[in-house]
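S.K.: What follows is a structure written as structure tokens; I'll ask about it next.
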Amino acid sequence: MDPTARRPDPSEHSPFYAGYVAKVPPGDVRAFLHAQRDDLAGLLSDIPRARWDHRYAPGKWTVRELVGHVLDGEWVFASRAIHFARGNPGPMPSMDQDAFMAHGNYGARTLPSLARELDDLRSAGLAQYDSFGPEVFDRRGVASGHEITVRALLYVIGGHAQHHADVLRERYL
């Protein structure tokens with residue numbers, strides 16, 4: 001079986017990531033990440049300027065902040081994946097989403113600039129993931145105090161983005 005079509009078992013990631021892994025449909029995770037890239041680009045391009053700073057409730061992120069958070073996650077998870085794929089087992093630090101948000105300066109950026117960065121980052125990540133040999137996906141490292149495989153990180157990347165795309169569709173638009 002293709003190592004990217006096998007869903008990570010619970011020993012491959014922290015319980016915290018189980019919900020993200022579950023968001024990825026059966027099949028090759030790389031194919032999902034490719035298709036999701038196009039889906040995200042379409043979703044973000046359809047958001048009018050008047051909605052960029054919308055919050056669905058007090059204290060919740062704006063649309064730009066939510067997209068910035070997805071972007072931050074993509075950077076962090078992709079960095080972990082390349083480290084572990086290349087045999088650097090960590091440990092790698094946690095991502096404090098509140099600290100990232102406090103210093104993200106997303107309100108000063110346009111939504112199209114955030115969307116372009118996300119698209120570019122996903123494209124670069126996919127070039128790497130598509131080049132990995134089958135043995136790479138079982139490699140493990142430690143991030144946020146938990147062991148995780150490269151395969152699980154690809155599922156987390158896709159599931160995290162899918163979770164927030166679903167929230168964007170359901171609560172913001």
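Chain identifiers are assigned as A, B, and so on, following the order in which chains appear in the structure tokens; residues are numbered from 1 within each chain, and ligands are numbered from 1 in order of appearance.
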For Met92 (chain A), list every protein, DNA or RNA residue within 12 Å, evaluated using only C-alpha atoms, and leave out those in the same chain fewer than 3 positions away; present the list as a PyMOL selection string.
M.R.: chain A and resi 76-77+79-84+88-89+95+140-148
S.K.: The selected residues should be written to file as an mmCIF file, in the first residue's frame (atoms: C-alpha atoms).
M.R.:
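Writing done, so here's again_6.cif:
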```cif
data_model
loop_
_atom_site.group_PDB
_atom_site.id
_atom_site.type_symbol
_atom_site.label_atom_id
_atom_site.label_comp_id
_atom_site.auth_asym_id
_atom_site.auth_seq_id
_atom_site.Cartn_x
_atom_site.Cartn_y
_atom_site.Cartn_z
ATOM 1 C CA VAL A 76 5.232 25.137 11.379
ATOM 2 C CA PHE A 77 3.957 21.724 10.271
ATOM 3 C CA SER A 79 9.040 22.768 8.833
ATOM 4 C CA ARG A 80 8.571 19.788 11.116
ATOM 5 C CA ALA A 81 7.929 17.509 8.140
ATOM 6 C CA ILE A 82 11.147 18.512 6.355
ATOM 7 C CA HIS A 83 13.194 18.238 9.553
ATOM 8 C CA PHE A 84 11.961 14.735 10.282
ATOM 9 C CA ASN A 88 16.586 15.493 12.214
ATOM 10 C CA PRO A 89 14.345 14.022 14.936
ATOM 11 C CA MET A 95 3.425 26.635 18.327
ATOM 12 C CA ARG A 140 9.530 10.095 13.357
ATOM 13 C CA GLY A 141 10.519 13.120 15.316
ATOM 14 C CA VAL A 142 9.450 14.956 18.420
ATOM 15 C CA ALA A 143 7.445 18.182 18.285
ATOM 16 C CA SER A 144 5.496 19.813 21.111
ATOM 17 C CA GLY A 145 6.744 17.044 23.386
ATOM 18 C CA HIS A 146 5.155 14.239 21.317
ATOM 19 C CA GLU A 147 6.449 11.838 18.721
ATOM 20 C CA ILE A 148 4.956 12.225 15.243
#
```
S.K.: Using only C-alpha atoms, determine which residues lie at most 8 Å from Gly27 (chain A), disregarding the query and same-chain residues fewer than 2 positions distant; provide the list as number ranges by chain.
M.R.: A: 4-6, 25, 29, 31-32
S.K.: What does the file look like for those residues with C-alpha atoms, as a compact mmCIF listing (two decimals), in the first residue's frame?
M.R.:
```txt
# COMPACT_ATOMS: atom_id res chain seq x y z
CA THR A 4 0.62 8.23 1.89
CA ALA A 5 -2.70 6.43 1.43
CA ARG A 6 -2.44 4.72 4.81
CA PRO A 25 -10.66 11.67 3.43
CA VAL A 29 -2.94 12.52 1.42
CA ALA A 31 -3.60 14.14 -3.72
CA PHE A 32 -5.84 15.66 -1.06
```
S.K.: Among chain A, which ones does DSSP place in strand (DSSP E), written as a PDB file with N, CA and C atoms, in the first residue's frame?
M.R.:
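Done, and the output landed in selection-v8.pdb:
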```pdb
ATOM      1  N   ARG A 140      10.134   9.447  12.189  1.00  0.00           N
ATOM      2  CA  ARG A 140       9.530  10.095  13.357  1.00  0.00           C
ATOM      3  C   ARG A 140      10.439  11.168  13.910  1.00  0.00           C
ATOM      4  N   GLY A 141       9.809  12.100  14.577  1.00  0.00           N
ATOM      5  CA  GLY A 141      10.519  13.120  15.316  1.00  0.00           C
ATOM      6  C   GLY A 141       9.645  13.560  16.465  1.00  0.00           C
ATOM      7  N   VAL A 142      10.185  14.462  17.260  1.00  0.00           N
ATOM      8  CA  VAL A 142       9.450  14.956  18.420  1.00  0.00           C
ATOM      9  C   VAL A 142       9.166  16.444  18.220  1.00  0.00           C
ATOM     10  N   ALA A 143       7.886  16.780  18.358  1.00  0.00           N
ATOM     11  CA  ALA A 143       7.445  18.182  18.285  1.00  0.00           C
ATOM     12  C   ALA A 143       6.389  18.382  19.359  1.00  0.00           C
ATOM     13  N   HIS A 146       5.755  15.504  21.751  1.00  0.00           N
ATOM     14  CA  HIS A 146       5.155  14.239  21.317  1.00  0.00           C
ATOM     15  C   HIS A 146       5.819  13.744  20.042  1.00  0.00           C
ATOM     16  N   GLU A 147       5.923  12.439  19.931  1.00  0.00           N
ATOM     17  CA  GLU A 147       6.449  11.838  18.721  1.00  0.00           C
ATOM     18  C   GLU A 147       5.388  11.902  17.621  1.00  0.00           C
ATOM     19  N   ILE A 148       5.860  12.137  16.388  1.00  0.00           N
ATOM     20  CA  ILE A 148       4.956  12.225  15.243  1.00  0.00           C
ATOM     21  C   ILE A 148       5.706  11.784  13.991  1.00  0.00           C
ATOM     22  N   THR A 149       4.992  11.136  13.069  1.00  0.00           N
ATOM     23  CA  THR A 149       5.615  10.717  11.806  1.00  0.00           C
ATOM     24  C   THR A 149       5.432  11.801  10.744  1.00  0.00           C
TER      25      THR A 149
END
```
S.K.: Pick the closest to Ser113 (chain A) from A:Asp72, A:Ser45, A:Thr62, A:Asp98: which is it, counting only C-alpha atoms?
M.R.: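 The shortest atom-to-atom distance to Ser113 (chain A) comes from A:Ser45.
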S.K.: Output as a ChimeraX atom specification all residues of region 26-167 of chain A that backbone DSSP marks as helix (DSSP H, G or I).
M.R.: /A:29-45,49-51,63-85,97-102,106-108,111-131,134-138,150-167
S.K.: If we count only C-alpha atoms, what is near Trp52 (chain A) at a cut-off of 8 Å, once residues fewer than 3 positions away on the same chain are taken out, given as a ChimeraX atom specification?
M.R.: /A:47-49,62-64,111
S.K.: Please save C-alpha atoms of the selected residues as a PDB file, in the first residue's frame.
M.R.:
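The resulting result-v8.pdb:
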```
ATOM      1  CA  ILE A  47     -14.283  36.766   0.129  1.00  0.00           C
ATOM      2  CA  PRO A  48     -15.156  40.431  -0.431  1.00  0.00           C
ATOM      3  CA  ARG A  49     -13.055  43.187   1.128  1.00  0.00           C
ATOM      4  CA  THR A  62     -11.070  38.125  11.952  1.00  0.00           C
ATOM      5  CA  VAL A  63     -11.081  36.455   8.548  1.00  0.00           C
ATOM      6  CA  ARG A  64      -7.545  37.750   7.952  1.00  0.00           C
ATOM      7  CA  LEU A 111      -6.367  38.885   2.223  1.00  0.00           C
TER       8      LEU A 111
END
```
S.K.: Under the rule that only C-alpha atoms are counted, which of A:Val70, A:Leu43, A:Leu126, A:Ala108 is the nearest residue to His163 (chain A)?
M.R.: A:Val70
S.K.: Of the residues A:Phe100, A:Tyr172, A:Tyr155, A:Tyr129, which is the one nearest to Arg51 (chain A), using only C-alpha atoms?
M.R.: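 Nearest to Arg51 (chain A): A:Tyr172.
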S.K.: Do you know which residues are at most 12 Å from Arg171 (chain A) counting only C-alpha atoms, after dropping those on the same chain fewer than 2 positions away, and could you put them as number ranges by chain?
M.R.: A: 51, 54-57, 60-63, 66, 163-169, 173
S.K.: So which residues touch Glu65 (chain A) within 9 Å, counting only C-alpha atoms, skipping near sequence neighbours fewer than 5 positions away, as a short mmCIF file (atom, residue, chain, number, x, y, z; two decimals) with C-alpha atoms, in the first residue's frame?
M.R.:
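Wrote it out as part.cif, contents follow:
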```cif
data_model
loop_
_atom_site.label_atom_id
_atom_site.label_comp_id
_atom_site.auth_asym_id
_atom_site.auth_seq_id
_atom_site.Cartn_x
_atom_site.Cartn_y
_atom_site.Cartn_z
CA TRP A 52 -11.85 40.73 5.79
CA ASP A 53 -12.18 42.08 9.34
CA VAL A 70 -3.74 28.62 8.86
CA MET A 101 -1.41 35.84 16.58
CA GLY A 104 1.31 38.23 13.13
CA ASN A 105 0.28 41.73 12.06
CA TYR A 106 -2.45 40.23 9.86
CA GLY A 107 -4.58 43.38 9.96
#
```
S.K.: For CA of Gly159 (chain A) and CA of Ala22 (chain A), quote the distance in Å rounded to one decimal.
M.R.: 7.1 Å
S.K.: Provide the CA of Pro3 (chain A) to CA of Pro134 (chain A) distance in Å, to one decimal place.
M.R.: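 Value for the CA of Pro3 (chain A)-CA of Pro134 (chain A) distance: 6.1 Å.
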